[in-house]
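Enquirer: Let me give you the structure first, and then I'll get to my questions.
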Amino acid sequence: MKYLRYLVMLALVAGGIGAGNAAASTQACGSTDVALNRPATASSTENAGLPASAAVDGNPGTRWGSAFSDPQWLQIDLGSSRSVCQVGLSWETAYGKAFRIELSDDAATWRQIYDTTSGTGGTQTLDVAGTGRYVRITGTQRGTGYGYSLWEVAVRTTDGSGPVVPPTDPANPDFGPNVSVFSPSTPQADMQDRLDQIAAEMHTNQFGTQRYAVLWKPGSYTADVNLGFYTQAAGLGLSPDDVNLNGHVRVEADWLQQGDDPNNKGNATQNFWRSAENLAVTTPAGQIERWAVSQAAPYRRMHLKGAPEIQLWNGGDGWASGGLFADTKIDNTVVSGSQQQWLSRNSEFGAWNGSVWNMVFVGTTGAPAQHFPNPSHTVVAQTPKVREKPFLYVDAAGNYNVFVPALRSASAGTSWSHGPAAGSSISLADFFVVKPGATAETINAALEQGKHLLFTPGIYHLSDTIRVNRPNTVVLGLGLATLIPDTGQAAISVADVDGVKLAGLLVDAGPVNSPVLIQVGPAGSTASHTANPTSLHDVYARVGGAHVGKATVSLQVNSNDVIGDHLWLWRGDHGDGVGWTVNTAANGLVVNGNDVTMYGLFVEHYQQYEVLWNGNGGRTYFFQNEFPYDVPDQASWSSGGGTQGWAAYKVANTVTSHEAWGVGSYCFFSPNNSIVASRSFEVPDTAGVRFHDLVSVSLGGVGTIANVINTTGGTANAANQQRYLVSYP
């Protein structure tokens, strides 16, 4: 067939086709369908069950169908300009007798590459020649009394291998303008000036589009790092002690008003989206360190030396709602102050002082003794199974690599303070370094070539899902790299394979509802991954706040054995594009896989079950939740059967084994304080389902939680704002 097509092309050239077309026509036509799962639109649809997308979904049993009139069109966005050599049309009975095919660079000006007035329907394979990003099939005369209907449209190109994925030089990678890399030869004044510029820009920039990473090569430095929004500070050594900062890496609570006093700016409850990682910090003699943060602000793989204490709030009367220490060593004392809740996992402290509602310590030395409540200290001696977050580092030869820590079982303390951490290194040459402006098509092409992904800081608008199909793939974000699915698809999906690592990403829902934002394993996944689980580290989802966003489910886990290591799933309660009917979002987390483990699970403000756990063998170590603030009335918020509201954490009635430690759920029904939630936690009454150290809180007494779990635990309301339960059943 290819030889015959080649002879036909030669005959056309001999018959007078111009030289420009002749060059294109002698190139081999690729076999890849570049229209597969691309965004598709149409002039009309016969009904909602026959959408334009069905013509490019690869499923021969679904189709697009138009209204019963002329003309009608179907348009496909290929994502970038392509040299189109063939279009395949699989017509349903309602075919086009007269139609044309056109290409465009901008979906406004069109160039015709094929037309006919004698179409016969069926399956047509049409050899064409032209270049453009958009393909449009326009029917001008129907072959039947119905509309136009296509089972599938395939587009093939002479560049069928896909877009070019640039190589990465591991000695001199291009991280783009939003990454600052400092070395011991960097003038200290220049370094501090850059740090101060970023700090000033990001101080109150809660929903801005700027993203930054500041990185230090191994060595010793003097710096004051005041971390604002969307800023990552990280060392580039194999151990935190390879990079020592004499000074501070801090977060202050000094910009957000607390209560009714405009002069009280000690509120840390919106100090989100920032991180400190893989650094040693030595504070000046006698000076404390401050890490006054709330959600999505991890202090990870850090070594704090010298400071007599680290304070987790403003040091006065300020509020705070964090937080996470992971794989961290603090030589002296942690003082938690007004922090409402905190998870410390695989860390080492000189001492810990403080408690409010829910302090959880898993595999942490120097933790206080188990006691719940008042003080509310939940202590689990060992972490059953965990993998630390992958990180970027520079080796002795000056080459960049990503270190992937090994899976650890029954562990306590850090992975690095008693000898080199176990794990493996991947050269940055094996990564596609993704920079803002990259398309989903190019990103997926890199994954298909076996590349890992390193997202540099920025905003990434996606017209298609990023599909991670190969086992052991690393997808690592720097500087809160943010993925926005613009077309109602998932931002990222992971196949049911071993050992994928997703880390350091914020997924921000787009204006078109996504059924799911992040999917780990397709529906019906059954494979066992106990020896090499997929893991998610510092992965965040947001629906509304920065703009109007909609997503039915933020994170869906279908694979077995998945590990979640610090997740914040947030339906926005403030900012832009928020409202009960505006940023709609049913569930934060849905778990369908078995033996899934979550460390540090923060899920807030969703409109139905915030966590819905359908799989067996699940475990959660620390859970923090706030019910949606903006419930307009009781009738708008009910899971049925006489239940008021929806439980924050629902374990399905079919589950026979599940266990959770240190779990808290709060309400603040500010528009309507008569709203009642029947319970925070809803679980089947079976011996294999057990909860330890639970708390429900009515914040300021605004609203009511009638029970902590099922029908047990008492009512949290204005009269009794906290209700604690040591265990259930």
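To be explicit about the labels: the chains of the structure tokens are called A, B, and onward in the order shown, and within each one the residues are counted from 1, while ligands get numbers from 1 in the order they are shown.
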Identify, on the basis of only C-alpha atoms, every residue whose closest approach to Ala35 of chain A does not exceed 7 Å; exclude the query and any residue fewer than 6 positions from it along the same chain; express the result as a list in words.

Expert: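 Final neighbour list, sorted by chain and number: Val56, Ile76, Leu78, Ala154 and Val155 of chain A.
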
Enquirer: Give me, as a PyMOL selection string, all polymer residues having an atom no more than 6 Å from Asn583 of chain A, counting only C-alpha atoms and skipping those fewer than 3 positions away in the same chain.

Expert: chain A and resi 544+548-550+578-579

Enquirer: Can you write just those residues out, all heavy atoms, as a CSV table (one decimal), in the first residue's frame?

Expert:
chain,number,residue,atom,x,y,z
A,544,GLY,N,-11.1,26.5,42.6
A,544,GLY,CA,-11.5,27.9,42.9
A,544,GLY,C,-10.5,28.5,43.8
A,544,GLY,O,-9.5,27.9,44.3
A,548,VAL,N,-12.3,30.7,38.6
A,548,VAL,CA,-13.4,29.7,38.6
A,548,VAL,C,-12.8,28.4,38.2
A,548,VAL,O,-12.2,28.2,37.2
A,548,VAL,CB,-14.5,30.1,37.7
A,548,VAL,CG1,-15.6,29.0,37.6
A,548,VAL,CG2,-15.2,31.4,38.2
A,549,GLY,N,-13.1,27.4,39.1
A,549,GLY,CA,-12.6,26.0,38.8
A,549,GLY,C,-13.7,25.1,39.2
A,549,GLY,O,-14.5,25.3,40.1
A,550,LYS,N,-13.8,23.9,38.4
A,550,LYS,CA,-14.8,22.9,38.7
A,550,LYS,C,-14.2,21.5,38.6
A,550,LYS,O,-13.5,21.3,37.6
A,550,LYS,CB,-16.0,23.1,37.8
A,550,LYS,CG,-16.8,24.4,37.9
A,550,LYS,CD,-17.8,24.5,36.8
A,550,LYS,CE,-18.5,25.9,36.8
A,550,LYS,NZ,-19.3,26.2,38.0
A,578,VAL,N,-15.4,31.7,43.8
A,578,VAL,CA,-15.8,30.9,44.8
A,578,VAL,C,-17.3,31.1,45.1
A,578,VAL,O,-17.8,32.2,45.0
A,578,VAL,CB,-15.0,31.0,46.1
A,578,VAL,CG1,-13.6,30.6,45.9
A,578,VAL,CG2,-15.1,32.4,46.7
A,579,GLY,N,-18.0,30.1,45.5
A,579,GLY,CA,-19.4,30.2,45.7
A,579,GLY,C,-20.1,28.8,45.6
A,579,GLY,O,-19.6,27.9,44.9

Enquirer: Compile a residue-level contact table for segment 308-423 of chain A against segment 606-624 of chain A at a cut-off of 8 Å, reporting for every qualifying residue the shortest atom pair and its distance in Å to one decimal, with only C-alpha atoms counted, rows ordered by chain and ascending number, as a Markdown table.

Expert:
| residue | atom | partner | partner_atom | distance |
| --- | --- | --- | --- | --- |
| A:Gln341 | CA | A:Gln624 | CA | 7.7 |
| A:Leu343 | CA | A:Phe622 | CA | 6.5 |
| A:Val360 | CA | A:Phe622 | CA | 6.3 |
| A:Val362 | CA | A:Tyr621 | CA | 7.6 |

Enquirer: For Gly315 of chain A, please output as a PyMOL selection string all residues within 10 Å (counting only C-alpha atoms; exclusion window: fewer than 6 positions along the same chain).

Expert: chain A and resi 252-253+266+290+292+335-338

Enquirer: Name all residues at most 9 Å from Phe99 of chain A (count only C-alpha atoms; drop same-chain ones fewer than 3 positions away) and give them as a ChimeraX atom specification.

Expert: /A:96,114-119,137-142

Enquirer: Quick one: pick out all helix (DSSP H, G or I) residues within segment 427-461 of chain A from a backbone DSSP run and write them as a PyMOL selection string.

Expert: chain A and resi 428-430+440-448

Enquirer: Just give me the gap between atom CA of Ser409 of chain A and atom CA of Pro384 of chain A in Å, one decimal is fine.

Expert: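 Computing the Euclidean distance for atom CA of Ser409 of chain A and atom CA of Pro384 of chain A yields 5.2 Å.
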
Enquirer: Using only C-alpha atoms, determine which residues lie at most 6 Å from segment 495-508 of chain A, disregarding the query and same-chain residues fewer than 5 positions distant; provide the list as a PyMOL selection string.

Expert: chain A and resi 469+471-477+480-484+521+529+532-542+559

Enquirer: Leaving out Ala648 of chain A and any residue of its chain fewer than 2 positions from it, which residues lie within 10 Å of it when counting only C-alpha atoms, given as JSON, numbers by chain?

Expert: {"A": [587, 588, 603, 604, 605, 606, 607, 608, 609, 610, 611, 612, 624, 625, 626, 627, 628, 645, 646, 650, 664, 665, 666, 677, 679, 680, 681, 682]}

Enquirer: I'd like the contact shell of Glu388 of chain A - 7 Å cut-off, only C-alpha atoms, skipping same-chain residues fewer than 2 positions apart - returned as a PyMOL selection string.

Expert: chain A and resi 386+390+405

Enquirer: Would you mind writing down, as a JSON list (two decimals) with C-alpha atoms, in the first residue's frame, each residue of segment 339-507 of chain A that DSSP on the backbone assigns to strand (DSSP E or B)?

Expert:
[["chain", "number", "residue", "atom", "x", "y", "z"],
["A", 339, "GLN", "CA", -0.94, 25.55, 65.85],
["A", 341, "GLN", "CA", -2.80, 20.50, 64.26],
["A", 342, "TRP", "CA", 0.50, 19.14, 62.94],
["A", 343, "LEU", "CA", 2.03, 15.94, 61.55],
["A", 344, "SER", "CA", 5.63, 15.02, 62.28],
["A", 345, "ARG", "CA", 6.78, 11.95, 60.33],
["A", 348, "GLU", "CA", 14.10, 13.75, 65.13],
["A", 349, "PHE", "CA", 13.60, 16.47, 67.77],
["A", 350, "GLY", "CA", 15.49, 17.62, 70.81],
["A", 351, "ALA", "CA", 12.08, 18.15, 72.40],
["A", 352, "TRP", "CA", 8.48, 19.12, 71.60],
["A", 353, "ASN", "CA", 6.40, 21.63, 73.54],
["A", 358, "ASN", "CA", -4.42, 17.18, 66.95],
["A", 359, "MET", "CA", -0.65, 16.71, 67.05],
["A", 360, "VAL", "CA", 0.43, 13.44, 65.40],
["A", 361, "PHE", "CA", 3.90, 11.86, 65.52],
["A", 362, "VAL", "CA", 4.71, 8.87, 63.30],
["A", 365, "THR", "CA", 12.17, 10.37, 67.91],
["A", 371, "HIS", "CA", -1.67, 11.26, 75.44],
["A", 377, "HIS", "CA", -0.56, 13.88, 71.19],
["A", 378, "THR", "CA", -1.05, 10.81, 68.99],
["A", 379, "VAL", "CA", 2.16, 8.80, 68.81],
["A", 380, "VAL", "CA", 2.87, 5.90, 66.45],
["A", 383, "THR", "CA", 6.17, 4.31, 60.10],
["A", 384, "PRO", "CA", 4.95, 1.06, 58.53],
["A", 385, "LYS", "CA", 5.94, 1.77, 54.92],
["A", 386, "VAL", "CA", 7.05, 4.97, 53.24],
["A", 387, "ARG", "CA", 9.21, 6.38, 50.47],
["A", 391, "PHE", "CA", 14.81, 15.51, 45.00],
["A", 392, "LEU", "CA", 17.24, 17.27, 42.67],
["A", 393, "TYR", "CA", 20.96, 17.29, 43.50],
["A", 394, "VAL", "CA", 24.35, 18.06, 41.98],
["A", 400, "TYR", "CA", 22.46, 17.29, 38.00],
["A", 401, "ASN", "CA", 20.59, 14.16, 39.05],
["A", 402, "VAL", "CA", 17.35, 13.24, 40.79],
["A", 403, "PHE", "CA", 17.69, 11.02, 43.85],
["A", 404, "VAL", "CA", 14.85, 8.56, 44.42],
["A", 405, "PRO", "CA", 14.82, 7.36, 48.04],
["A", 407, "LEU", "CA", 11.08, 2.27, 50.19],
["A", 408, "ARG", "CA", 11.46, 1.90, 53.97],
["A", 409, "SER", "CA", 9.48, -0.35, 56.29],
["A", 410, "ALA", "CA", 8.99, -0.12, 60.07],
["A", 411, "SER", "CA", 11.17, 2.99, 60.21],
["A", 417, "SER", "CA", 21.17, 11.49, 59.63],
["A", 419, "GLY", "CA", 24.48, 7.48, 57.18],
["A", 423, "GLY", "CA", 18.00, 4.89, 47.07],
["A", 424, "SER", "CA", 19.06, 5.40, 43.48],
["A", 425, "SER", "CA", 20.02, 8.29, 41.21],
["A", 426, "ILE", "CA", 18.67, 9.20, 37.80],
["A", 427, "SER", "CA", 20.70, 11.51, 35.58],
["A", 431, "PHE", "CA", 14.43, 13.94, 32.16],
["A", 432, "PHE", "CA", 12.48, 16.27, 29.96],
["A", 433, "VAL", "CA", 12.88, 19.64, 31.68],
["A", 434, "VAL", "CA", 9.44, 21.16, 31.17],
["A", 452, "HIS", "CA", 10.95, 11.41, 33.34],
["A", 453, "LEU", "CA", 9.55, 14.92, 33.86],
["A", 454, "LEU", "CA", 10.97, 17.88, 35.79],
["A", 455, "PHE", "CA", 8.48, 20.76, 35.77],
["A", 459, "ILE", "CA", 1.68, 27.80, 35.13],
["A", 460, "TYR", "CA", 0.91, 25.03, 32.62],
["A", 461, "HIS", "CA", -2.37, 25.21, 30.72],
["A", 462, "LEU", "CA", -3.23, 21.73, 29.45],
["A", 466, "ILE", "CA", -0.62, 14.08, 30.96],
["A", 467, "ARG", "CA", -0.52, 10.28, 30.78],
["A", 468, "VAL", "CA", 2.09, 8.45, 32.85],
["A", 474, "VAL", "CA", 9.33, 10.32, 38.21],
["A", 475, "VAL", "CA", 7.27, 13.49, 37.75],
["A", 476, "LEU", "CA", 8.84, 16.19, 39.92],
["A", 477, "GLY", "CA", 7.80, 19.83, 40.17],
["A", 478, "LEU", "CA", 9.91, 22.76, 41.30],
["A", 479, "GLY", "CA", 8.51, 25.94, 42.80],
["A", 480, "LEU", "CA", 4.88, 24.79, 43.05],
["A", 481, "ALA", "CA", 4.60, 24.11, 39.30],
["A", 482, "THR", "CA", 0.88, 24.40, 38.56],
["A", 483, "LEU", "CA", -1.13, 22.32, 36.08],
["A", 484, "ILE", "CA", -4.49, 23.66, 34.83],
["A", 485, "PRO", "CA", -6.68, 21.36, 32.70],
["A", 492, "ILE", "CA", -2.64, 13.83, 35.04],
["A", 493, "SER", "CA", -3.34, 10.10, 35.00],
["A", 494, "VAL", "CA", -1.15, 7.20, 36.06],
["A", 501, "LYS", "CA", 6.40, 9.05, 41.83],
["A", 502, "LEU", "CA", 4.41, 12.29, 41.58],
["A", 503, "ALA", "CA", 5.89, 15.13, 43.63],
["A", 504, "GLY", "CA", 5.78, 18.87, 44.10],
["A", 505, "LEU", "CA", 2.74, 19.69, 41.95],
["A", 506, "LEU", "CA", -0.31, 21.91, 42.34],
["A", 507, "VAL", "CA", -3.26, 20.94, 40.14]]

Enquirer: What is the distance, in Å and to one decimal place, between atom CA of Ala586 of chain A and atom CA of Thr552 of chain A?

Expert: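 Atom-to-atom, atom CA of Ala586 of chain A to atom CA of Thr552 of chain A, that is 5.1 Å.
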
Enquirer: Between atom CA of Gly61 of chain A and atom CA of Asp464 of chain A, what is the distance, to one decimal in Å?

Expert: 21.5 Å

Enquirer: Given the choices A:Gly88, A:Gly237, A:Gly398, A:Gly593, which gets closest to Thr157 of chain A if the distance is worked out from only C-alpha atoms?

Expert: A:Gly88
